[in-house]
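A.B. asks: So here's target_31.csv (CSV, C-alpha atoms and all ligand atoms).
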```
chain,number,residue,atom,x,y,z
O,65,MET,CA,61.5,46.9,-6.6
O,66,VAL,CA,62.3,44.9,-3.5
O,67,ASN,CA,61.1,46.7,-0.4
O,68,SER,CA,63.4,45.8,2.4
O,69,GLU,CA,61.5,47.6,5.0
O,70,ARG,CA,58.2,45.9,4.2
O,71,ILE,CA,60.0,42.5,4.2
O,72,LEU,CA,61.6,43.2,7.6
O,73,ASN,CA,58.4,44.4,9.1
O,74,GLU,CA,56.5,41.4,8.0
O,75,PHE,CA,59.2,39.1,9.3
O,76,LEU,CA,59.1,40.8,12.7
O,77,GLU,CA,55.3,40.4,12.6
O,78,LEU,CA,55.3,36.7,11.8
O,79,VAL,CA,58.0,35.6,14.3
O,80,GLN,CA,55.9,37.2,17.1
O,81,VAL,CA,53.0,35.0,16.3
O,82,ASP,CA,53.4,31.7,18.2
O,83,SER,CA,53.2,28.6,16.0
O,84,VAL,CA,54.8,25.7,17.7
O,85,SER,CA,54.1,22.4,15.9
O,86,GLY,CA,50.4,21.4,16.2
O,87,LYS,CA,49.4,24.9,17.3
O,88,GLU,CA,49.5,26.8,14.0
O,89,ARG,CA,45.9,28.3,14.1
O,90,ALA,CA,46.9,31.9,14.7
O,91,ILE,CA,49.6,32.2,12.1
O,92,ALA,CA,47.5,30.2,9.6
O,93,ASP,CA,44.6,32.7,10.0
O,94,LEU,CA,47.0,35.6,9.5
O,95,LEU,CA,48.6,34.0,6.4
O,96,LYS,CA,45.2,33.2,4.9
O,97,ARG,CA,44.2,36.9,5.3
O,98,LYS,CA,47.4,38.1,3.7
O,99,LEU,CA,47.1,35.6,0.8
O,100,SER,CA,43.5,36.7,0.2
O,101,GLU,CA,44.5,40.4,0.3
O,102,ILE,CA,47.2,39.7,-2.3
O,103,GLY,CA,44.6,38.2,-4.5
O,104,LEU,CA,45.0,34.4,-4.1
O,105,GLU,CA,42.2,31.9,-3.9
O,106,VAL,CA,42.8,30.4,-0.4
O,107,SER,CA,41.7,27.1,1.2
O,108,GLU,CA,42.7,25.0,4.1
O,109,ASP,CA,42.8,21.2,3.9
O,110,SER,CA,41.8,18.6,6.5
O,111,ALA,CA,45.4,17.5,7.4
O,112,GLY,CA,44.9,19.0,10.9
O,113,ARG,CA,42.3,16.4,11.8
O,114,GLU,CA,44.6,13.6,10.6
O,115,VAL,CA,47.7,14.7,12.5
O,116,GLY,CA,46.1,16.2,15.6
O,117,SER,CA,46.9,19.8,14.9
O,118,ASP,CA,44.4,22.7,15.4
O,119,THR,CA,45.0,23.7,11.8
O,120,GLY,CA,45.2,22.3,8.2
O,121,ASN,CA,47.7,23.1,5.5
O,122,ILE,CA,47.0,26.4,3.8
O,123,ILE,CA,46.8,26.2,0.0
O,124,GLY,CA,46.8,29.4,-2.1
O,125,LYS,CA,46.4,29.7,-5.9
O,126,LEU,CA,47.2,32.5,-8.2
O,127,PRO,CA,46.2,31.4,-11.7
O,128,GLY,CA,48.4,32.6,-14.6
O,129,LYS,CA,47.7,32.7,-18.3
O,130,SER,CA,51.2,32.8,-19.8
O,131,GLY,CA,51.5,29.0,-20.4
O,132,ALA,CA,54.8,29.0,-18.3
O,133,PRO,CA,55.1,26.1,-15.9
O,134,VAL,CA,53.0,26.2,-12.8
O,135,LEU,CA,55.3,26.7,-9.8
O,136,LEU,CA,54.8,25.5,-6.2
O,137,LEU,CA,56.2,27.8,-3.5
O,138,SER,CA,56.2,26.3,-0.1
O,139,ALA,CA,57.3,26.9,3.5
O,140,HIS,CA,56.2,25.4,6.8
O,141,MET,CA,54.2,27.4,9.4
O,142,ASP,CA,55.4,25.6,12.6
O,143,THR,CA,58.5,26.2,14.7
O,144,VAL,CA,60.3,24.1,17.3
O,145,GLU,CA,60.4,24.8,21.0
O,146,PRO,CA,61.3,26.9,22.8
O,147,GLY,CA,59.3,29.0,20.3
O,148,ARG,CA,56.6,30.8,22.4
O,149,GLY,CA,56.7,34.5,23.0
O,150,VAL,CA,59.5,35.2,20.6
O,151,LYS,CA,61.0,38.7,21.0
O,152,PRO,CA,63.1,39.5,17.9
O,153,VAL,CA,66.1,41.8,18.4
O,154,LEU,CA,67.5,43.9,15.7
O,155,ASP,CA,71.3,43.8,16.1
O,156,GLY,CA,73.2,45.6,13.4
O,157,GLY,CA,72.5,43.8,10.1
O,158,VAL,CA,70.8,40.8,11.7
O,159,VAL,CA,67.7,39.7,13.5
O,160,ARG,CA,68.2,37.4,16.4
O,161,SER,CA,66.0,36.1,19.3
O,162,SER,CA,66.3,37.6,22.8
O,163,GLY,CA,68.1,34.4,23.7
O,164,ALA,CA,65.1,32.8,25.6
O,165,THR,CA,63.6,31.2,22.5
O,166,VAL,CA,64.4,30.3,18.9
O,167,LEU,CA,63.9,33.1,16.4
O,168,GLY,CA,61.7,31.1,14.0
O,169,SER,CA,63.4,32.2,10.8
O,170,ASP,CA,63.0,28.5,10.2
O,171,ASP,CA,60.7,28.8,8.5
O,172,LYS,CA,59.2,32.2,8.7
O,173,ALA,CA,61.9,33.7,6.5
O,174,GLY,CA,60.5,31.3,3.9
O,175,LEU,CA,56.9,32.4,4.5
O,176,VAL,CA,57.9,36.1,4.2
O,177,ALA,CA,59.8,35.6,1.0
O,178,ILE,CA,56.8,33.9,-0.6
O,179,LEU,CA,54.3,36.5,0.5
O,180,GLU,CA,56.5,39.3,-0.8
O,181,VAL,CA,57.1,37.7,-4.1
O,182,LEU,CA,53.4,37.2,-4.6
O,183,ARG,CA,52.8,40.8,-3.8
O,184,LEU,CA,55.5,42.0,-6.3
O,185,VAL,CA,54.1,39.7,-9.0
O,186,GLN,CA,50.7,41.4,-8.5
O,187,GLU,CA,52.0,44.9,-8.1
O,188,GLU,CA,54.2,44.7,-11.1
O,189,ASN,CA,51.8,42.7,-13.2
O,190,LEU,CA,54.4,40.1,-14.0
O,191,GLU,CA,53.4,37.4,-16.4
O,192,HIS,CA,53.5,33.8,-15.1
O,193,GLY,CA,51.9,30.5,-15.7
O,194,GLY,CA,50.3,30.1,-12.3
O,195,LEU,CA,51.6,30.0,-8.8
O,196,GLU,CA,50.6,27.5,-6.1
O,197,VAL,CA,51.4,28.2,-2.5
O,198,VAL,CA,51.5,25.6,0.2
O,199,PHE,CA,52.1,26.6,3.9
O,200,THR,CA,52.3,23.4,5.8
O,201,ILE,CA,51.6,22.5,9.4
O,202,TRP,CA,53.8,20.3,11.6
O,203,GLU,CA,56.9,19.9,9.4
O,204,GLU,CA,59.3,19.7,12.4
O,205,GLY,CA,59.7,16.2,13.7
O,206,GLY,CA,57.7,14.3,11.2
O,207,LEU,CA,56.7,16.2,8.0
O,208,PHE,CA,53.1,15.4,9.0
O,209,GLY,CA,51.5,18.3,7.2
O,210,SER,CA,53.0,17.5,3.8
O,211,LYS,CA,52.3,13.8,4.3
O,212,ASN,CA,48.6,14.6,4.7
O,213,LEU,CA,48.3,17.4,2.1
O,214,ASP,CA,45.5,17.3,-0.4
O,215,TYR,CA,47.6,16.8,-3.5
O,216,LYS,CA,44.6,16.7,-5.8
O,217,GLN,CA,44.5,20.5,-5.5
O,218,LEU,CA,47.9,20.9,-7.0
O,219,SER,CA,49.1,20.9,-10.6
O,220,ALA,CA,52.6,22.4,-10.3
O,221,ALA,CA,55.4,21.2,-12.5
O,222,ALA,CA,58.2,22.4,-10.2
O,223,GLY,CA,58.4,23.1,-6.5
O,224,PHE,CA,60.5,25.2,-4.3
O,225,VAL,CA,60.7,24.6,-0.6
O,226,LEU,CA,62.2,27.6,1.2
O,227,ASP,CA,63.7,25.8,4.2
O,228,SER,CA,67.4,25.3,4.2
O,229,ASP,CA,70.4,27.1,5.6
O,230,GLY,CA,72.9,28.6,3.2
O,231,PRO,CA,72.5,32.0,1.5
O,232,PRO,CA,70.2,32.6,-1.5
O,233,GLY,CA,71.6,30.7,-4.4
O,234,THR,CA,71.9,27.5,-2.3
O,235,ILE,CA,69.9,24.7,-4.0
O,236,VAL,CA,69.5,21.4,-2.2
O,237,THR,CA,69.1,18.7,-4.9
O,238,ARG,CA,69.6,15.5,-2.9
O,239,ALA,CA,68.0,14.5,0.4
O,240,PRO,CA,68.1,11.2,2.2
O,241,TRP,CA,65.7,8.3,2.6
O,242,GLN,CA,65.1,7.5,6.2
O,243,ASP,CA,64.1,4.4,8.2
O,244,GLN,CA,63.0,4.4,11.9
O,245,ILE,CA,63.8,1.2,13.8
O,246,GLY,CA,61.8,0.3,16.9
O,247,VAL,CA,63.0,-2.7,18.9
O,248,THR,CA,61.6,-4.5,22.0
O,249,ILE,CA,63.9,-7.1,23.5
O,250,THR,CA,62.2,-9.5,25.9
O,251,GLY,CA,64.3,-11.5,28.3
O,252,ARG,CA,63.1,-13.2,31.5
O,253,SER,CA,62.8,-11.5,34.9
O,254,ALA,CA,64.2,-13.1,38.1
O,255,HIS,CA,65.2,-12.0,41.6
O,256,ALA,CA,68.6,-10.5,41.2
O,257,GLY,CA,69.9,-11.7,44.6
O,258,ILE,CA,68.2,-15.1,44.9
O,259,ASN,CA,68.3,-16.7,41.4
O,260,PRO,CA,69.8,-14.4,38.8
O,261,GLU,CA,70.6,-17.6,36.9
O,262,ALA,CA,67.0,-17.9,36.0
O,263,GLY,CA,66.8,-14.5,34.3
O,264,VAL,CA,67.7,-13.2,30.9
O,265,ASN,CA,68.9,-9.7,31.3
O,266,ALA,CA,67.3,-7.6,28.5
O,267,ILE,CA,69.5,-4.6,29.4
O,268,MET,CA,72.6,-6.6,28.9
O,269,VAL,CA,71.4,-8.1,25.6
O,270,ALA,CA,70.5,-4.6,24.4
O,271,SER,CA,73.9,-3.1,25.4
O,272,GLN,CA,75.9,-5.9,23.8
O,273,ALA,CA,73.8,-5.6,20.6
O,274,ILE,CA,74.4,-1.8,20.4
O,275,ALA,CA,78.1,-2.1,21.3
O,276,GLY,CA,78.4,-4.4,18.2
O,277,MET,CA,76.7,-1.9,15.8
O,278,LYS,CA,78.3,0.5,13.4
O,279,ILE,CA,76.4,3.8,14.1
O,280,GLY,CA,77.1,7.5,13.6
O,281,ARG,CA,78.7,8.5,10.3
O,282,ILE,CA,78.6,5.3,8.2
O,283,ASP,CA,79.9,6.9,4.9
O,284,ASP,CA,79.6,10.3,3.1
O,285,GLU,CA,76.0,9.5,2.2
O,286,THR,CA,74.8,7.5,5.2
O,287,THR,CA,74.3,8.1,8.9
O,288,SER,CA,72.7,6.1,11.7
O,289,ASN,CA,71.8,6.6,15.3
O,290,ILE,CA,70.4,4.9,18.4
O,291,GLY,CA,68.5,7.7,20.1
O,292,ILE,CA,66.3,6.3,22.8
O,293,ILE,CA,66.7,3.3,25.2
O,294,SER,CA,64.6,2.5,28.2
O,295,GLY,CA,64.0,-0.5,30.4
O,296,GLY,CA,64.2,-2.0,33.9
O,297,LYS,CA,62.1,-1.6,37.0
O,298,ALA,CA,64.4,-2.0,40.0
O,299,THR,CA,67.9,-2.9,40.9
O,300,ASN,CA,66.8,-6.2,42.5
O,301,ILE,CA,65.0,-7.4,39.4
O,302,VAL,CA,66.7,-8.9,36.4
O,303,PRO,CA,65.1,-6.7,33.7
O,304,ASP,CA,62.9,-8.6,31.2
O,305,SER,CA,62.2,-5.8,28.7
O,306,VAL,CA,64.1,-3.1,27.0
O,307,THR,CA,62.9,-0.8,24.1
O,308,ILE,CA,65.3,0.8,21.7
O,309,GLN,CA,64.6,3.4,19.0
O,310,GLY,CA,67.0,4.3,16.3
O,311,GLU,CA,67.2,5.5,12.8
O,312,ALA,CA,69.2,5.2,9.6
O,313,ARG,CA,69.4,7.7,6.7
O,314,SER,CA,71.1,7.6,3.3
O,315,LEU,CA,71.2,9.5,0.1
O,316,ASP,CA,71.3,6.0,-1.5
O,317,PRO,CA,68.4,3.7,-0.8
O,318,THR,CA,70.5,0.6,-1.3
O,319,LYS,CA,73.0,1.8,1.4
O,320,LEU,CA,70.0,2.6,3.7
O,321,ALA,CA,68.7,-0.9,3.3
O,322,ALA,CA,72.1,-2.3,4.2
O,323,GLN,CA,72.4,-0.2,7.3
O,324,THR,CA,68.9,-1.0,8.5
O,325,ALA,CA,69.6,-4.7,7.9
O,326,HIS,CA,72.8,-4.4,9.9
O,327,ILE,CA,71.1,-2.9,12.9
O,328,CYS,CA,68.3,-5.6,12.8
O,329,GLU,CA,70.9,-8.3,12.4
O,330,ALA,CA,72.9,-7.1,15.4
O,331,ILE,CA,69.7,-7.2,17.5
O,332,LYS,CA,68.7,-10.7,16.3
O,333,VAL,CA,72.0,-12.3,16.6
O,334,THR,CA,72.7,-11.0,20.1
O,335,SER,CA,69.1,-11.8,21.3
O,336,ASP,CA,69.4,-15.4,20.0
O,337,LYS,CA,72.8,-15.8,21.7
O,338,PHE,CA,71.3,-15.0,25.1
O,339,GLY,CA,67.9,-16.6,24.7
O,340,ALA,CA,66.0,-13.3,24.5
O,341,LYS,CA,63.3,-12.5,22.0
O,342,ALA,CA,63.5,-9.4,19.8
O,343,ARG,CA,60.6,-7.7,18.1
O,344,ILE,CA,61.7,-5.2,15.4
O,345,VAL,CA,59.6,-2.7,13.6
O,346,VAL,CA,61.1,-0.8,10.7
O,347,ASP,CA,59.2,2.3,9.3
O,348,ARG,CA,60.1,4.2,6.2
O,349,VAL,CA,59.8,7.8,7.5
O,350,TYR,CA,60.2,9.3,4.1
O,351,GLU,CA,61.6,8.7,0.7
O,352,GLY,CA,64.6,10.7,-0.4
O,353,PHE,CA,65.2,12.4,-3.7
O,354,SER,CA,67.9,13.2,-6.2
O,355,LEU,CA,67.4,15.9,-8.8
O,356,ASP,CA,69.9,16.3,-11.7
O,357,GLU,CA,70.6,19.6,-13.3
O,358,GLN,CA,68.0,19.0,-16.0
O,359,ALA,CA,65.2,18.7,-13.4
O,360,LEU,CA,62.9,21.7,-13.9
O,361,PRO,CA,63.3,23.3,-10.4
O,362,VAL,CA,67.1,23.0,-10.6
O,363,ARG,CA,67.2,24.5,-14.1
O,364,LEU,CA,65.0,27.4,-13.0
O,365,ALA,CA,67.0,27.9,-9.8
O,366,LEU,CA,70.3,27.9,-11.7
O,367,SER,CA,69.0,30.2,-14.4
O,368,ALA,CA,67.8,32.7,-11.8
O,369,ALA,CA,71.1,32.6,-9.9
O,370,LYS,CA,73.0,33.3,-13.1
O,371,ASN,CA,70.8,36.2,-13.9
O,372,LEU,CA,71.3,37.8,-10.5
O,373,GLU,CA,75.1,37.0,-10.6
O,374,LEU,CA,74.7,34.8,-7.5
O,375,THR,CA,77.1,31.9,-7.3
O,376,PRO,CA,74.7,28.9,-7.2
O,377,ARG,CA,75.7,26.1,-4.8
O,378,LEU,CA,74.1,22.7,-5.4
O,379,LYS,CA,74.2,20.6,-2.3
O,380,ASN,CA,73.1,17.5,-0.5
O,381,THR,CA,71.4,17.5,2.9
O,382,GLY,CA,71.3,14.9,5.6
O,383,GLY,CA,67.9,16.1,6.7
O,384,GLY,CA,64.4,15.5,5.5
O,385,SER,CA,62.0,18.3,4.6
O,386,ASP,CA,58.6,18.8,2.9
O,387,ALA,CA,60.4,18.5,-0.4
O,388,ASN,CA,61.0,14.8,0.3
O,389,ILE,CA,57.2,14.3,0.4
O,390,PHE,CA,56.5,16.6,-2.6
O,391,ASN,CA,59.0,14.6,-4.7
O,392,SER,CA,57.5,11.3,-3.6
O,393,LYS,CA,54.1,12.6,-4.6
O,394,GLY,CA,55.4,13.4,-8.1
O,395,ILE,CA,56.1,17.2,-7.8
O,396,ALA,CA,59.9,17.7,-8.5
O,397,ALA,CA,60.9,20.1,-5.7
O,398,ALA,CA,64.2,21.6,-4.7
O,399,VAL,CA,65.0,23.1,-1.3
O,400,LEU,CA,66.3,26.6,-1.3
O,401,GLY,CA,68.8,28.1,1.2
O,402,ILE,CA,67.2,31.2,2.8
O,403,GLY,CA,70.1,32.4,5.0
O,404,MET,CA,68.8,31.0,8.3
O,405,ASN,CA,71.5,30.3,10.9
O,406,LYS,CA,71.9,28.2,14.0
O,407,VAL,CA,68.3,27.0,13.6
O,408,HIS,CA,66.7,24.9,16.4
O,409,THR,CA,68.8,26.9,19.0
O,410,THR,CA,68.2,30.0,21.0
O,411,GLU,CA,71.1,31.6,19.0
O,412,GLU,CA,69.2,31.5,15.7
O,413,PHE,CA,69.6,34.5,13.5
O,414,ILE,CA,69.2,35.8,10.0
O,415,SER,CA,70.6,38.8,8.2
O,416,LEU,CA,68.5,41.6,6.7
O,417,ALA,CA,70.5,41.2,3.5
O,418,ASP,CA,69.3,37.5,3.2
O,419,LEU,CA,65.7,38.4,4.0
O,420,SER,CA,65.7,40.7,1.0
O,421,GLY,CA,68.0,38.5,-1.1
O,422,ASN,CA,65.5,35.6,-0.7
O,423,VAL,CA,62.7,37.8,-2.3
O,424,ARG,CA,65.0,38.9,-5.2
O,425,TYR,CA,66.0,35.3,-5.8
O,426,LEU,CA,62.6,33.7,-5.7
O,427,LEU,CA,61.2,36.5,-7.9
O,428,GLU,CA,63.9,35.8,-10.4
O,429,ILE,CA,62.9,32.1,-10.4
O,430,VAL,CA,59.3,33.1,-11.3
O,431,ARG,CA,60.8,35.2,-14.1
O,432,ALA,CA,63.1,32.3,-15.2
O,433,ALA,CA,60.0,30.1,-15.6
O,434,GLN,CA,58.5,32.8,-17.8
O,435,ARG,CA,61.7,33.1,-19.9
O,436,LEU,CA,61.6,29.3,-20.3
O,437,GLN,CA,58.1,29.7,-21.8
O,438,GLN,CA,59.2,32.4,-24.1
O,439,GLY,CA,62.2,30.4,-25.3
O,440,GLN,CA,64.5,33.1,-24.4
O,441,GLN,CA,66.4,31.2,-21.8
O,442,HIS,CA,70.2,31.5,-22.2
V,501,ZN,ZN,62.4,24.2,8.6
```
Could the structure of this file be written out as structure tokens, please?
C.D. replies:
Amino acid sequence: MVNSERILNEFLELVQVDSVSGKERAIADLLKRKLSEIGLEVSEDSAGREVGSDTGNIIGKLPGKSGAPVLLLSAHMDTVEPGRGVKPVLDGGVVRSSGATVLGSDDKAGLVAILEVLRLVQEENLEHGGLEVVFTIWEEGGLFGSKNLDYKQLSAAAGFVLDSDGPPGTIVTRAPWQDQIGVTITGRSAHAGINPEAGVNAIMVASQAIAGMKIGRIDDETTSNIGIISGGKATNIVPDSVTIQGEARSLDPTKLAAQTAHICEAIKVTSDKFGAKARIVVDRVYEGFSLDEQALPVRLALSAAKNLELTPRLKNTGGGSDANIFNSKGIAAAVLGIGMNKVHTTEEFISLADLSGNVRYLLEIVRAAQRLQQGQQH
């Protein structure tokens, strides 16, 4: 039986533990204790040292004997700012923040669903083939925890990352590849009033290059942005240096390559034209993924939705998540909608119905894996 009160209380407890990115110690310790109490083998990896967080990723294991596929259940422990001193407010059927901070349902609603499902699996003695839990550090702004996770510890055949908007039954099967593009344009400085002719104005070169770029929404699968620009020292100096940082994302890696090349080309051509030098560094921030309906996590998620008479909704996302990294490391993982709303704003909220619905749905996914094993899947 899904215990709505226990779920709500645990959610209220977790959102009140500060865990902004890089400072996950307090919530990690609490989660480790909870996982141990439920009966998991718990460890912490060394990712914190790699990324500069005070905490590593938390890995929990509940061995199973049924022979059903081992499942990975994952959510991230960190929240965005303003995320310190969260005071949750119960408002009819929803929980929101007081308005001074985010709520942190991104991604504590995911943590709570996983904890409660593990508890129910134990309390009800449900058969399963093994459950692996990963609570990551520093997902926001870089996926640093999952990038530095100790994958040798995992053997899961299918993963579920509880970290999307959309109600339970929402299954994200495609996510973009992303490139980050860093540019330094070097011109030549000169006195702006005495001999501007001797200068090459890096700000002018940068602005002309950017004005000639296609950015924003490129097509239904591709986006691009110039997000940061800085340069110049004083109004009486022709500026000799500008730095620009931008990105491109696409659900199709070929389209991503084309967009990244387009940005680089605009910078090079304009710099050449004005006699400036351009240094461009392109970093692949993460690999995307595309799961079809036969992929194990999608099959299980669809089967569970059918059994609960939820309307499943397969969707694409324009954002990266830990699932991008899990998939690139060989664990087929889908992202599940957990009903969080207006995330990364102080208006963030989640309904009590979705907090409980998440547990019901994830539990049914565990059952679906078991049915698959018993060959009773319909
Ligand atoms: Zn999130």
A.B. asks: Can you measure CA of Leu218 in chain O to CA of Asp386 in chain O for me? One decimal in Å is fine.
C.D. replies: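 CA of Asp386 in chain O lies at a distance of 14.7 Å from CA of Leu218 in chain O.
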A.B. asks: Give me, please, the distance in Å between CA of Lys278 in chain O and CA of Asp243 in chain O, quoted to one decimal.
C.D. replies: 15.6 Å
A.B. asks: Got a sec: who's within 9 Å of Leu184 in chain O, counting only C-alpha atoms, leaving out chain neighbours fewer than 4 positions off, as a PyMOL selection string?
C.D. replies: chain O and resi 65-66+179-180+188-190+427
A.B. asks: Give me, as a compact mmCIF listing (two decimals) with C-alpha atoms, in the frame of the given file, all polymer residues having an atom no more than 9 Å from Val176 in chain O, counting all atoms listed in the file and skipping those fewer than 3 positions away in the same chain.
C.D. replies:
```
# COMPACT_ATOMS: atom_id res chain seq x y z
CA ILE O 71 60.00 42.50 4.20
CA LEU O 72 61.60 43.20 7.60
CA GLU O 74 56.50 41.40 8.00
CA PHE O 75 59.20 39.10 9.30
CA LEU O 78 55.30 36.70 11.80
CA ASP O 171 60.70 28.80 8.50
CA LYS O 172 59.20 32.20 8.70
CA ALA O 173 61.90 33.70 6.50
CA LEU O 179 54.30 36.50 0.50
CA GLU O 180 56.50 39.30 -0.80
CA VAL O 181 57.10 37.70 -4.10
CA LEU O 419 65.70 38.40 4.00
CA VAL O 423 62.70 37.80 -2.30
```
A.B. asks: Report, in Å to a single decimal, how far apart CA of Glu196 in chain O and CA of Pro240 in chain O are.
C.D. replies: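 Taking CA of Pro240 in chain O as the start and CA of Glu196 in chain O as the end point, the length is 25.3 Å.
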A.B. asks: With distances taken over all atoms listed in the file, which of O:Asn259, O:Ala398, O:Ile344, O:Ser415 is nearest to Val225 in chain O?
C.D. replies: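 Counting all atoms listed in the file, the residue closest to Val225 in chain O is O:Ala398.
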A.B. asks: Would you give me, as a Markdown table, each residue of chain O having an atom within 7 Å of an atom of ligand ZN 501 (chain V), along with its shortest atom pair and that distance in Å to one decimal, using all atoms listed in the file and sorting by chain and residue number?
C.D. replies:
```
| residue | atom | partner | partner_atom | distance |
| --- | --- | --- | --- | --- |
| O:His140 | CA | V:ZN501 | ZN | 6.6 |
| O:Asp170 | CA | V:ZN501 | ZN | 4.6 |
| O:Asp171 | CA | V:ZN501 | ZN | 4.9 |
| O:Glu204 | CA | V:ZN501 | ZN | 6.7 |
| O:Asp227 | CA | V:ZN501 | ZN | 4.9 |
| O:Ser228 | CA | V:ZN501 | ZN | 6.8 |
```
A.B. asks: Just want the 8 Å neighbourhood of range 104-107 of chain O, counted on only C-alpha atoms, with same-chain residues fewer than 2 positions away dropped. Output as a PyMOL selection string.
C.D. replies: chain O and resi 96+99-102+109+122-126
A.B. asks: Rank O:Leu400, O:Ala92, O:Leu355, O:Val144 by their smallest atom-to-atom distance to Val166 in chain O, using all atoms listed in the file, and report the top residue only.
C.D. replies: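 Closest to Val166 in chain O, using all atoms listed in the file: O:Val144.
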A.B. asks: Report as a PyMOL selection string all protein, DNA and RNA residues lying within 6 Å of Gly401 in chain O, evaluated on all atoms listed in the file, omitting residues in the same chain fewer than 5 positions from it.
C.D. replies: chain O and resi 228-232+234
A.B. asks: Go ahead and write the residues just picked, C-alpha atoms, as a short mmCIF file (atom, residue, chain, number, x, y, z; two decimals), in the coordinates of the input.
C.D. replies:
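Saved file selection_9.cif follows:
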```cif
data_model
loop_
_atom_site.label_atom_id
_atom_site.label_comp_id
_atom_site.auth_asym_id
_atom_site.auth_seq_id
_atom_site.Cartn_x
_atom_site.Cartn_y
_atom_site.Cartn_z
CA SER O 228 67.40 25.30 4.20
CA ASP O 229 70.40 27.10 5.60
CA GLY O 230 72.90 28.60 3.20
CA PRO O 231 72.50 32.00 1.50
CA PRO O 232 70.20 32.60 -1.50
CA THR O 234 71.90 27.50 -2.30
#
```
A.B. asks: Measuring atom to atom with all atoms listed in the file, identify which of O:Gln438, O:Asn422, O:Asn300, O:Ser314 is nearest to Thr381 in chain O.
C.D. replies: O:Ser314
A.B. asks: Nearest to Arg435 in chain O among O:Asp142, O:Glu191, O:Asp418, O:Glu329, with distances taken over all atoms listed in the file: which residue is it?
C.D. replies: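 Of O:Asp142, O:Glu191, O:Asp418, O:Glu329, the one nearest Arg435 in chain O is O:Glu191, counting all atoms listed in the file.
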A.B. asks: Pick the closest to Pro152 in chain O from O:Ser83, O:Ser385, O:Ser169, O:Gln323: which is it, counting only C-alpha atoms?
C.D. replies: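 So, comparing all the options, the nearest one is O:Ser169.
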A.B. asks: Show me, as JSON lines, the residues of range 362-410 of chain O having an atom within 12 Å of range 283-287 of chain O, each with the closest atom pair and its distance in Å, using only C-alpha atoms.
C.D. replies:
```
{"residue": "O:Asn380", "atom": "CA", "partner": "O:Glu285", "partner_atom": "CA", "distance": 8.9}
{"residue": "O:Thr381", "atom": "CA", "partner": "O:Glu285", "partner_atom": "CA", "distance": 9.3}
{"residue": "O:Gly382", "atom": "CA", "partner": "O:Glu285", "partner_atom": "CA", "distance": 7.9}
{"residue": "O:Gly383", "atom": "CA", "partner": "O:Thr287", "partner_atom": "CA", "distance": 10.5}
```
A.B. asks: Determine, for each residue of range 245-357 of chain O having at least one atom at most 12 Å from an atom of range 205-211 of chain O, the closest pair of atoms and their separation in Å to one decimal, counting all atoms listed in the file; order by chain and ascending number, as a Markdown table.
C.D. replies:
```
| residue | atom | partner | partner_atom | distance |
| --- | --- | --- | --- | --- |
| O:Arg348 | CA | O:Gly206 | CA | 11.5 |
| O:Val349 | CA | O:Gly206 | CA | 7.8 |
| O:Tyr350 | CA | O:Leu207 | CA | 8.7 |
| O:Glu351 | CA | O:Lys211 | CA | 11.2 |
```
A.B. asks: Report, as AutoDock Vina command-line options, the centre and edge lengths in Å (one decimal) of the axis-aligned box enclosing every listed atom of range 410-424 of chain O, padded by 6 Å on each side.
C.D. replies:
```
--center_x 66.9 --center_y 35.8 --center_z 7.9 --size_x 20.4 --size_y 23.6 --size_z 38.2
```
